[in-house]
file run.pdb (PDB, C-alpha atoms, pLDDT in the B column)
ATOM      1  CA  MET A   1      -3.980 -23.522   2.468  1.00 42.00           C
ATOM      2  CA  GLU A   2      -0.617 -23.381   0.732  1.00 50.00           C
ATOM      3  CA  ASN A   3       1.559 -20.483   1.846  1.00 89.00           C
ATOM      4  CA  TYR A   4      -0.452 -17.561   0.517  1.00 93.00           C
ATOM      5  CA  LEU A   5       2.385 -15.073   1.076  1.00 92.00           C
ATOM      6  CA  GLN A   6       4.592 -16.974  -1.327  1.00 89.00           C
ATOM      7  CA  ARG A   7       1.734 -17.131  -3.826  1.00 88.00           C
ATOM      8  CA  ASN A   8       1.240 -13.385  -3.601  1.00 90.00           C
ATOM      9  CA  LYS A   9       4.956 -12.758  -4.003  1.00 90.00           C
ATOM     10  CA  GLN A  10       5.069 -14.936  -7.109  1.00 88.00           C
ATOM     11  CA  PHE A  11       2.083 -13.040  -8.464  1.00 86.00           C
ATOM     12  CA  TRP A  12       3.740  -9.640  -8.010  1.00 85.00           C
ATOM     13  CA  GLU A  13       7.009 -10.786  -9.541  1.00 86.00           C
ATOM     14  CA  HIS A  14       5.167 -10.410 -12.856  1.00 78.00           C
ATOM     15  CA  GLY A  15       5.698  -6.693 -12.259  1.00 74.00           C
ATOM     16  CA  TYR A  16       3.173  -3.892 -12.357  1.00 77.00           C
ATOM     17  CA  TYR A  17       4.201  -1.231 -14.867  1.00 79.00           C
ATOM     18  CA  ALA A  18       3.472   2.103 -13.179  1.00 81.00           C
ATOM     19  CA  PRO A  19       5.911   4.830 -14.296  1.00 81.00           C
ATOM     20  CA  ASN A  20       3.667   7.706 -13.187  1.00 86.00           C
ATOM     21  CA  VAL A  21       2.292   8.894  -9.859  1.00 93.00           C
ATOM     22  CA  ASP A  22      -1.361   7.955  -9.392  1.00 91.00           C
ATOM     23  CA  HIS A  23      -4.095  10.199  -7.960  1.00 93.00           C
ATOM     24  CA  PRO A  24      -4.228   8.599  -4.472  1.00 95.00           C
ATOM     25  CA  ILE A  25      -0.682   9.942  -3.996  1.00 96.00           C
ATOM     26  CA  PHE A  26      -0.700  13.504  -5.271  1.00 93.00           C
ATOM     27  CA  ARG A  27      -4.151  14.203  -3.826  1.00 96.00           C
ATOM     28  CA  PHE A  28      -2.991  12.929  -0.444  1.00 98.00           C
ATOM     29  CA  TYR A  29      -0.034  15.308  -0.672  1.00 98.00           C
ATOM     30  CA  GLY A  30      -2.060  18.347  -1.706  1.00 96.00           C
ATOM     31  CA  ARG A  31      -5.279  17.861   0.248  1.00 96.00           C
ATOM     32  CA  ILE A  32      -3.936  16.267   3.424  1.00 97.00           C
ATOM     33  CA  LEU A  33      -0.215  16.723   4.027  1.00 98.00           C
ATOM     34  CA  LYS A  34       0.213  20.228   2.641  1.00 97.00           C
ATOM     35  CA  SER A  35      -3.136  21.892   3.282  1.00 96.00           C
ATOM     36  CA  GLU A  36      -4.077  20.267   6.597  1.00 96.00           C
ATOM     37  CA  PHE A  37      -0.798  19.467   8.334  1.00 97.00           C
ATOM     38  CA  ASN A  38       1.475  22.020   6.693  1.00 97.00           C
ATOM     39  CA  LEU A  39       3.814  19.216   5.633  1.00 97.00           C
ATOM     40  CA  ASP A  40       4.979  20.366   2.211  1.00 96.00           C
ATOM     41  CA  GLY A  41       8.347  18.608   2.319  1.00 97.00           C
ATOM     42  CA  SER A  42      10.362  21.721   3.140  1.00 96.00           C
ATOM     43  CA  GLY A  43      11.345  20.163   6.457  1.00 96.00           C
ATOM     44  CA  GLY A  44      12.804  17.051   4.834  1.00 97.00           C
ATOM     45  CA  GLU A  45      10.674  14.756   6.974  1.00 98.00           C
ATOM     46  CA  ASN A  46      11.228  10.994   6.694  1.00 98.00           C
ATOM     47  CA  LEU A  47       8.545   9.226   4.652  1.00 98.00           C
ATOM     48  CA  LEU A  48       8.182   5.503   3.990  1.00 98.00           C
ATOM     49  CA  ASP A  49       6.108   4.191   1.088  1.00 98.00           C
ATOM     50  CA  TYR A  50       5.195   0.614   2.011  1.00 97.00           C
ATOM     51  CA  GLY A  51       4.538  -1.404  -1.146  1.00 96.00           C
ATOM     52  CA  CYS A  52       6.209   1.178  -3.370  1.00 96.00           C
ATOM     53  CA  GLY A  53       6.148  -0.903  -6.562  1.00 95.00           C
ATOM     54  CA  GLN A  54       8.318   0.738  -9.214  1.00 96.00           C
ATOM     55  CA  GLY A  55       9.010   3.771  -7.075  1.00 97.00           C
ATOM     56  CA  ALA A  56       7.097   6.626  -8.716  1.00 97.00           C
ATOM     57  CA  ALA A  57       5.601   7.833  -5.424  1.00 98.00           C
ATOM     58  CA  VAL A  58       8.957   7.673  -3.628  1.00 98.00           C
ATOM     59  CA  ASN A  59      10.487   9.826  -6.351  1.00 98.00           C
ATOM     60  CA  TYR A  60       7.530  12.237  -6.252  1.00 98.00           C
ATOM     61  CA  PHE A  61       7.732  12.757  -2.499  1.00 98.00           C
ATOM     62  CA  GLY A  62      11.492  13.184  -2.847  1.00 98.00           C
ATOM     63  CA  GLN A  63      10.917  15.936  -5.399  1.00 97.00           C
ATOM     64  CA  MET A  64       8.620  17.624  -2.885  1.00 97.00           C
ATOM     65  CA  GLY A  65      11.476  17.641  -0.373  1.00 98.00           C
ATOM     66  CA  PHE A  66      10.763  14.639   1.834  1.00 98.00           C
ATOM     67  CA  SER A  67      13.453  12.107   2.728  1.00 98.00           C
ATOM     68  CA  SER A  68      11.507   9.321   1.054  1.00 98.00           C
ATOM     69  CA  TYR A  69      12.105   5.573   1.104  1.00 97.00           C
ATOM     70  CA  GLY A  70      10.292   2.637  -0.476  1.00 97.00           C
ATOM     71  CA  VAL A  71       9.989  -1.084   0.148  1.00 96.00           C
ATOM     72  CA  ASP A  72       8.199  -3.822  -1.770  1.00 96.00           C
ATOM     73  CA  ILE A  73       8.077  -7.615  -1.924  1.00 94.00           C
ATOM     74  CA  SER A  74       8.619  -7.603  -5.695  1.00 94.00           C
ATOM     75  CA  GLU A  75      12.287  -7.905  -6.580  1.00 94.00           C
ATOM     76  CA  ALA A  76      11.448  -7.094 -10.207  1.00 93.00           C
ATOM     77  CA  ASP A  77       9.740  -3.817  -9.324  1.00 95.00           C
ATOM     78  CA  ILE A  78      12.460  -2.730  -6.894  1.00 96.00           C
ATOM     79  CA  GLU A  79      15.110  -3.420  -9.518  1.00 96.00           C
ATOM     80  CA  TYR A  80      13.129  -1.280 -11.976  1.00 96.00           C
ATOM     81  CA  ALA A  81      12.874   1.517  -9.398  1.00 97.00           C
ATOM     82  CA  LYS A  82      16.609   1.473  -8.715  1.00 98.00           C
ATOM     83  CA  ASN A  83      17.390   1.697 -12.433  1.00 97.00           C
ATOM     84  CA  ARG A  84      14.800   4.373 -13.196  1.00 97.00           C
ATOM     85  CA  TYR A  85      15.580   6.591 -10.183  1.00 98.00           C
ATOM     86  CA  ARG A  86      19.332   6.158  -9.926  1.00 98.00           C
ATOM     87  CA  HIS A  87      19.735   9.357  -7.904  1.00 97.00           C
ATOM     88  CA  ILE A  88      17.824   7.729  -5.009  1.00 98.00           C
ATOM     89  CA  SER A  89      18.515   4.057  -5.782  1.00 98.00           C
ATOM     90  CA  GLN A  90      19.809   3.519  -2.241  1.00 97.00           C
ATOM     91  CA  ASN A  91      16.335   4.455  -0.919  1.00 97.00           C
ATOM     92  CA  PHE A  92      14.670   1.333  -2.339  1.00 97.00           C
ATOM     93  CA  ASN A  93      14.765  -2.155  -0.919  1.00 95.00           C
ATOM     94  CA  THR A  94      12.912  -5.454  -1.157  1.00 94.00           C
ATOM     95  CA  ILE A  95      11.012  -6.595   1.899  1.00 92.00           C
ATOM     96  CA  ASP A  96      10.372 -10.105   3.130  1.00 92.00           C
ATOM     97  CA  PRO A  97       6.707 -11.042   2.592  1.00 91.00           C
ATOM     98  CA  VAL A  98       6.633 -12.554   6.101  1.00 92.00           C
ATOM     99  CA  PRO A  99       5.629  -9.621   8.338  1.00 91.00           C
ATOM    100  CA  ALA A 100       7.524 -10.796  11.418  1.00 83.00           C
ATOM    101  CA  VAL A 101      10.860 -10.380   9.647  1.00 78.00           C
ATOM    102  CA  ASP A 102      12.699  -7.072  10.098  1.00 74.00           C
ATOM    103  CA  ASN A 103      13.734  -5.298   6.923  1.00 74.00           C
ATOM    104  CA  MET A 104      15.972  -2.451   5.777  1.00 75.00           C
ATOM    105  CA  PHE A 105      14.658   1.057   6.521  1.00 83.00           C
ATOM    106  CA  PHE A 106      12.770  -0.295   9.536  1.00 85.00           C
ATOM    107  CA  ASP A 107      15.537   0.812  11.894  1.00 86.00           C
ATOM    108  CA  GLN A 108      14.574   4.490  11.789  1.00 93.00           C
ATOM    109  CA  LYS A 109      11.516   6.604  12.541  1.00 96.00           C
ATOM    110  CA  TYR A 110       9.171   8.193  10.016  1.00 97.00           C
ATOM    111  CA  LYS A 111       6.891  11.200  10.145  1.00 98.00           C
ATOM    112  CA  ILE A 112       4.699   9.740   7.390  1.00 98.00           C
ATOM    113  CA  ILE A 113       3.960   6.196   6.238  1.00 98.00           C
ATOM    114  CA  THR A 114       1.942   5.521   3.099  1.00 98.00           C
ATOM    115  CA  ALA A 115       0.621   2.132   2.007  1.00 98.00           C
ATOM    116  CA  VAL A 116      -1.373   2.458  -1.218  1.00 97.00           C
ATOM    117  CA  GLN A 117      -3.023  -0.733  -2.461  1.00 95.00           C
ATOM    118  CA  SER A 118      -0.528  -2.980  -0.698  1.00 96.00           C
ATOM    119  CA  LEU A 119      -1.730  -4.027   2.772  1.00 97.00           C
ATOM    120  CA  TYR A 120      -4.763  -5.981   1.609  1.00 97.00           C
ATOM    121  CA  TYR A 121      -2.551  -8.820   0.422  1.00 96.00           C
ATOM    122  CA  TYR A 122      -2.150  -9.893   4.062  1.00 96.00           C
ATOM    123  CA  SER A 123      -4.381 -12.161   6.092  1.00 97.00           C
ATOM    124  CA  ASP A 124      -5.992 -10.681   9.220  1.00 97.00           C
ATOM    125  CA  THR A 125      -3.298 -12.237  11.429  1.00 96.00           C
ATOM    126  CA  ASP A 126      -0.376 -11.107   9.309  1.00 96.00           C
ATOM    127  CA  LEU A 127      -1.860  -7.663   8.765  1.00 97.00           C
ATOM    128  CA  SER A 128      -2.087  -7.205  12.522  1.00 96.00           C
ATOM    129  CA  ILE A 129       1.595  -8.120  12.876  1.00 95.00           C
ATOM    130  CA  ARG A 130       2.633  -5.783  10.081  1.00 95.00           C
ATOM    131  CA  MET A 131       0.575  -2.925  11.492  1.00 95.00           C
ATOM    132  CA  GLU A 132       2.271  -3.273  14.875  1.00 94.00           C
ATOM    133  CA  ASN A 133       5.588  -3.157  13.042  1.00 93.00           C
ATOM    134  CA  LEU A 134       4.694  -0.054  11.014  1.00 95.00           C
ATOM    135  CA  SER A 135       3.217   1.704  14.031  1.00 95.00           C
ATOM    136  CA  SER A 136       6.436   1.125  15.971  1.00 94.00           C
ATOM    137  CA  ILE A 137       8.508   3.049  13.386  1.00 95.00           C
ATOM    138  CA  LEU A 138       6.059   5.937  13.042  1.00 97.00           C
ATOM    139  CA  ASP A 139       6.738   9.085  15.068  1.00 97.00           C
ATOM    140  CA  ASP A 140       4.344  10.049  17.826  1.00 96.00           C
ATOM    141  CA  ASN A 141       1.548  12.004  16.107  1.00 95.00           C
ATOM    142  CA  GLY A 142       2.919  10.755  12.790  1.00 98.00           C
ATOM    143  CA  ILE A 143       0.597  10.423   9.788  1.00 98.00           C
ATOM    144  CA  PHE A 144      -0.455   7.024   8.421  1.00 98.00           C
ATOM    145  CA  TYR A 145      -2.201   6.791   5.045  1.00 98.00           C
ATOM    146  CA  ALA A 146      -3.470   3.552   3.492  1.00 98.00           C
ATOM    147  CA  THR A 147      -5.911   2.382   0.863  1.00 98.00           C
ATOM    148  CA  MET A 148      -7.725  -0.943   1.188  1.00 98.00           C
ATOM    149  CA  ILE A 149      -9.765  -2.834  -1.369  1.00 97.00           C
ATOM    150  CA  GLY A 150     -13.512  -2.996  -0.689  1.00 96.00           C
ATOM    151  CA  GLU A 151     -16.138  -5.634  -1.384  1.00 95.00           C
ATOM    152  CA  ALA A 152     -17.664  -3.173  -3.869  1.00 93.00           C
ATOM    153  CA  CYS A 153     -14.656  -3.809  -6.104  1.00 93.00           C
ATOM    154  CA  GLU A 154     -16.458  -5.886  -8.711  1.00 87.00           C
ATOM    155  CA  ALA A 155     -13.291  -6.379 -10.744  1.00 76.00           C
ATOM    156  CA  HIS A 156     -11.918  -8.691  -8.062  1.00 85.00           C
ATOM    157  CA  TYR A 157     -14.619  -9.517  -5.531  1.00 85.00           C
ATOM    158  CA  GLU A 158     -16.855 -11.181  -8.125  1.00 83.00           C
ATOM    159  CA  ASN A 159     -13.950 -13.409  -9.120  1.00 83.00           C
ATOM    160  CA  ALA A 160     -13.043 -14.562  -5.625  1.00 90.00           C
ATOM    161  CA  GLU A 161     -13.913 -17.363  -3.258  1.00 91.00           C
ATOM    162  CA  PRO A 162     -13.535 -17.434   0.549  1.00 92.00           C
ATOM    163  CA  ALA A 163     -10.221 -18.790   1.808  1.00 93.00           C
ATOM    164  CA  MET A 164      -9.274 -18.264   5.459  1.00 93.00           C
ATOM    165  CA  ASP A 165      -8.259 -15.653   8.036  1.00 96.00           C
ATOM    166  CA  GLY A 166      -9.986 -12.823   6.182  1.00 96.00           C
ATOM    167  CA  LEU A 167      -8.564 -13.767   2.793  1.00 96.00           C
ATOM    168  CA  SER A 168     -10.305 -14.453  -0.487  1.00 94.00           C
ATOM    169  CA  LYS A 169      -8.721 -16.444  -3.279  1.00 92.00           C
ATOM    170  CA  ILE A 170      -8.804 -14.714  -6.658  1.00 89.00           C
ATOM    171  CA  ILE A 171      -9.780 -17.438  -9.096  1.00 75.00           C
ATOM    172  CA  SER A 172      -9.357 -15.717 -12.451  1.00 60.00           C
ATOM    173  CA  GLY A 173      -6.735 -13.607 -14.150  1.00 53.00           C
ATOM    174  CA  VAL A 174      -8.574 -10.300 -13.844  1.00 48.00           C
ATOM    175  CA  ALA A 175      -5.883  -8.482 -11.849  1.00 46.00           C
ATOM    176  CA  ARG A 176      -4.032  -5.760 -13.690  1.00 47.00           C
ATOM    177  CA  SER A 177      -0.508  -7.141 -13.189  1.00 46.00           C
ATOM    178  CA  GLY A 178      -1.109 -10.475 -14.905  1.00 48.00           C
ATOM    179  CA  GLU A 179      -2.721 -13.831 -14.371  1.00 56.00           C
ATOM    180  CA  GLY A 180      -2.062 -16.136 -11.491  1.00 64.00           C
ATOM    181  CA  GLU A 181      -3.581 -17.346  -8.267  1.00 80.00           C
ATOM    182  CA  HIS A 182      -3.309 -14.871  -5.414  1.00 90.00           C
ATOM    183  CA  TYR A 183      -5.132 -13.737  -2.279  1.00 94.00           C
ATOM    184  CA  MET A 184      -6.793 -10.503  -1.126  1.00 95.00           C
ATOM    185  CA  ASN A 185      -8.350  -9.210   2.080  1.00 97.00           C
ATOM    186  CA  PHE A 186     -11.543  -7.316   1.205  1.00 97.00           C
ATOM    187  CA  ILE A 187     -13.010  -4.622   3.471  1.00 97.00           C
ATOM    188  CA  LYS A 188     -16.762  -4.641   4.074  1.00 96.00           C
ATOM    189  CA  ASP A 189     -17.320  -1.107   5.375  1.00 97.00           C
ATOM    190  CA  GLU A 190     -15.799   1.857   7.231  1.00 97.00           C
ATOM    191  CA  GLU A 191     -16.198   0.215  10.626  1.00 97.00           C
ATOM    192  CA  GLU A 192     -14.096  -2.749   9.557  1.00 98.00           C
ATOM    193  CA  LEU A 193     -11.538  -0.351   8.094  1.00 98.00           C
ATOM    194  CA  LYS A 194     -11.234   1.504  11.401  1.00 98.00           C
ATOM    195  CA  HIS A 195     -10.904  -1.804  13.227  1.00 97.00           C
ATOM    196  CA  LYS A 196      -8.004  -2.895  10.984  1.00 97.00           C
ATOM    197  CA  PHE A 197      -6.189   0.360  11.795  1.00 98.00           C
ATOM    198  CA  SER A 198      -7.332   0.732  15.394  1.00 96.00           C
ATOM    199  CA  MET A 199      -3.836   1.737  16.574  1.00 95.00           C
ATOM    200  CA  PHE A 200      -4.337   5.055  14.763  1.00 98.00           C
ATOM    201  CA  GLN A 201      -6.751   7.886  15.482  1.00 97.00           C
ATOM    202  CA  PRO A 202      -8.928   8.221  12.346  1.00 98.00           C
ATOM    203  CA  ILE A 203      -8.789  11.653  10.724  1.00 98.00           C
ATOM    204  CA  HIS A 204     -10.314  11.106   7.291  1.00 98.00           C
ATOM    205  CA  ILE A 205     -12.020   8.072   5.762  1.00 98.00           C
ATOM    206  CA  GLY A 206     -13.111   8.055   2.148  1.00 97.00           C
ATOM    207  CA  PHE A 207     -12.949   6.023  -1.035  1.00 96.00           C
ATOM    208  CA  TYR A 208     -12.225   6.155  -4.747  1.00 95.00           C
ATOM    209  CA  SER A 209     -13.828   4.114  -7.504  1.00 93.00           C
ATOM    210  CA  GLU A 210     -12.987   3.793 -11.154  1.00 89.00           C
ATOM    211  CA  LYS A 211     -13.789   1.854 -14.284  1.00 86.00           C
ATOM    212  CA  PHE A 212     -11.719   2.377 -17.423  1.00 85.00           C
ATOM    213  CA  ARG A 213     -12.814  -0.547 -19.582  1.00 83.00           C
ATOM    214  CA  SER A 214     -16.292  -1.669 -20.532  1.00 85.00           C
ATOM    215  CA  ASP A 215     -15.368  -5.328 -20.030  1.00 81.00           C
ATOM    216  CA  GLU A 216     -14.281  -4.978 -16.389  1.00 79.00           C
ATOM    217  CA  GLY A 217     -16.040  -4.309 -13.127  1.00 83.00           C
ATOM    218  CA  VAL A 218     -15.790  -1.264 -10.895  1.00 87.00           C
ATOM    219  CA  SER A 219     -12.607  -0.928  -8.819  1.00 90.00           C
ATOM    220  CA  HIS A 220     -13.346   0.380  -5.327  1.00 94.00           C
ATOM    221  CA  HIS A 221     -10.859   1.283  -2.591  1.00 97.00           C
ATOM    222  CA  PHE A 222     -11.325   2.785   0.851  1.00 98.00           C
ATOM    223  CA  THR A 223      -8.899   5.489   1.991  1.00 98.00           C
ATOM    224  CA  PHE A 224      -7.760   5.908   5.585  1.00 98.00           C
ATOM    225  CA  VAL A 225      -5.802   8.811   7.032  1.00 98.00           C
ATOM    226  CA  GLY A 226      -4.881   8.495  10.688  1.00 98.00           C
ATOM    227  CA  LYS A 227      -2.529   9.819  13.326  1.00 98.00           C
ATOM    228  CA  LYS A 228      -0.482   7.704  15.711  1.00 96.00           C
ATOM    229  CA  LYS A 229      -2.100   7.843  19.122  1.00 84.00           C
TER     230      LYS A 229
END
call {"tool": "encode", "arguments": {"input": "run.pdb", "output": "structure tokens"}}
result
Amino acid sequence: MENYLQRNKQFWEHGYYAPNVDHPIFRFYGRILKSEFNLDGSGGENLLDYGCGQGAAVNYFGQMGFSSYGVDISEADIEYAKNRYRHISQNFNTIDPVPAVDNMFFDQKYKIITAVQSLYYYSDTDLSIRMENLSSILDDNGIFYATMIGEACEAHYENAEPAMDGLSKIISGVARSGEGEHYMNFIKDEEELKHKFSMFQPIHIGFYSEKFRSDEGVSHHFTFVGKKK
């Protein structure tokens, strides 16, 4: 298979216009960080948003008081984030799609790491490498929050074919950020989700599903909240 990481990077260079904070972010803040762990941002804790896109979540967490940083493989989206949020432009950086490569902001520790709709663009092997990397920069008892695409996501799963190493090749232009060949790692069930994130103690596992257009399938994502063991 041709280098899938490069394919996925090319795909995301189309950009994904997302100027507002989405519900998986502000509900995580209100229902998990603030109400359960008493982390409302008043302590200025370090937070890394992995796969931050155009930076809305990084800015939101910064407004709440966290020292928030964001990385993404898309140079176009990071450039947008730096221009839109000039007051924290230094807190954004592109990241090499190859997970073994060290990147800016990975030389410090974080109390919280979020990865919303970003980690499932890795193969099983590369995801394992990246998870070891992210776990190493998370504080002891730090909070890890990720969302992963499930097989119940008709919008993508029905337009995919098996590839290799846990990946499926998306064979039509149904993805929201534009057309182009790319690869995804679908999750079958909660047990597989826990296995992917086995370095963390599971705290909450859930999902969200949505369908906004009559001509598209249901979008389904698992949610995982864990604590570093």
call {"tool": "residues_around", "arguments": {"input": "run.pdb", "residues": "stretch 136-141 of chain A", "least_positions_apart": "4", "cutoff": "6 Å", "atoms": "all atoms listed in the file", "output": "ChimeraX atom specification"}}
result
/A:109-111,227-228
call {"tool": "resolve_selection", "arguments": {"input": "run.pdb", "expression": "the PyMOL selection byres ((chain A and resi 81) around 12)", "output": "VMD selection string"}}
result
chain A and resid 15 to 20 52 to 59 69 to 72 74 to 80 82 to 94
call {"tool": "atom_distance", "arguments": {"input": "run.pdb", "atom1": "atom CA of A:Gly226", "atom2": "atom CA of A:Ala115"}}
result
12.1 Å
call {"tool": "resolve_selection", "arguments": {"input": "run.pdb", "expression": "the PyMOL selection byres ((chain A and resi 197) around 10)", "output": "number ranges by chain"}}
result
A: 127-128, 131-132, 135, 144, 146, 192-196, 198-202, 224-226
call {"tool": "residues_around", "arguments": {"input": "run.pdb", "residues": "A:Met148", "least_positions_apart": "2", "cutoff": "12 Å", "atoms": "all atoms listed in the file", "output": "PyMOL selection string"}}
result
chain A and resi 24+114-122+127+145-146+150-153+184-190+192-194+196-197+205-209+219-225
call {"tool": "axis_aligned_box", "arguments": {"input": "run.pdb", "around": "stretch 32-51 of chain A", "padding_each_side": "6 Å", "output": "lines of an AutoDock Vina configuration file"}}
result
center_x = 4.4
center_y = 10.3
center_z = 3.6
size_x = 28.9
size_y = 35.4
size_z = 21.5
call {"tool": "resolve_selection", "arguments": {"input": "run.pdb", "expression": "the PyMOL selection byres ((chain A and resi 9) around 10)", "output": "list in words"}}
result
Tyr4, Leu5, Gln6, Arg7, Asn8, Gln10, Phe11, Trp12, Glu13, His14, Asp72, Ile73, Ser74, Glu75, Asp96, Pro97, Tyr121 and His182 of chain A
call {"tool": "atom_distance", "arguments": {"input": "run.pdb", "atom1": "atom CA of A:Leu48", "atom2": "atom CA of A:Leu134"}}
result
9.6 Å
call {"tool": "atom_distance", "arguments": {"input": "run.pdb", "atom1": "atom CA of A:Gly30", "atom2": "atom CA of A:Lys229"}}
result
23.3 Å
call {"tool": "closest_residue", "arguments": {"input": "run.pdb", "among": "A:Glu181, A:Ser68, A:Asn103, A:Ile171", "to": "A:Ala155", "atoms": "all atoms listed in the file"}}
result
A:Ile171
call {"tool": "closest_residue", "arguments": {"input": "run.pdb", "among": "A:Lys169, A:Glu158, A:Leu39, A:Tyr50", "to": "A:Arg130", "atoms": "all atoms listed in the file"}}
result
A:Tyr50
call {"tool": "closest_residue", "arguments": {"input": "run.pdb", "among": "A:Glu45, A:Thr147, A:Tyr60, A:Tyr183", "to": "A:Met164", "atoms": "only C-alpha atoms"}}
result
A:Tyr183
call {"tool": "closest_residue", "arguments": {"input": "run.pdb", "among": "A:Tyr29, A:Val218, A:Val101, A:Asn38", "to": "A:Gly62", "atoms": "all atoms listed in the file"}}
result
A:Tyr29
call {"tool": "closest_residue", "arguments": {"input": "run.pdb", "among": "A:His156, A:Ile113, A:Asp22, A:Gly166", "to": "A:Asn46", "atoms": "all atoms listed in the file"}}
result
A:Ile113
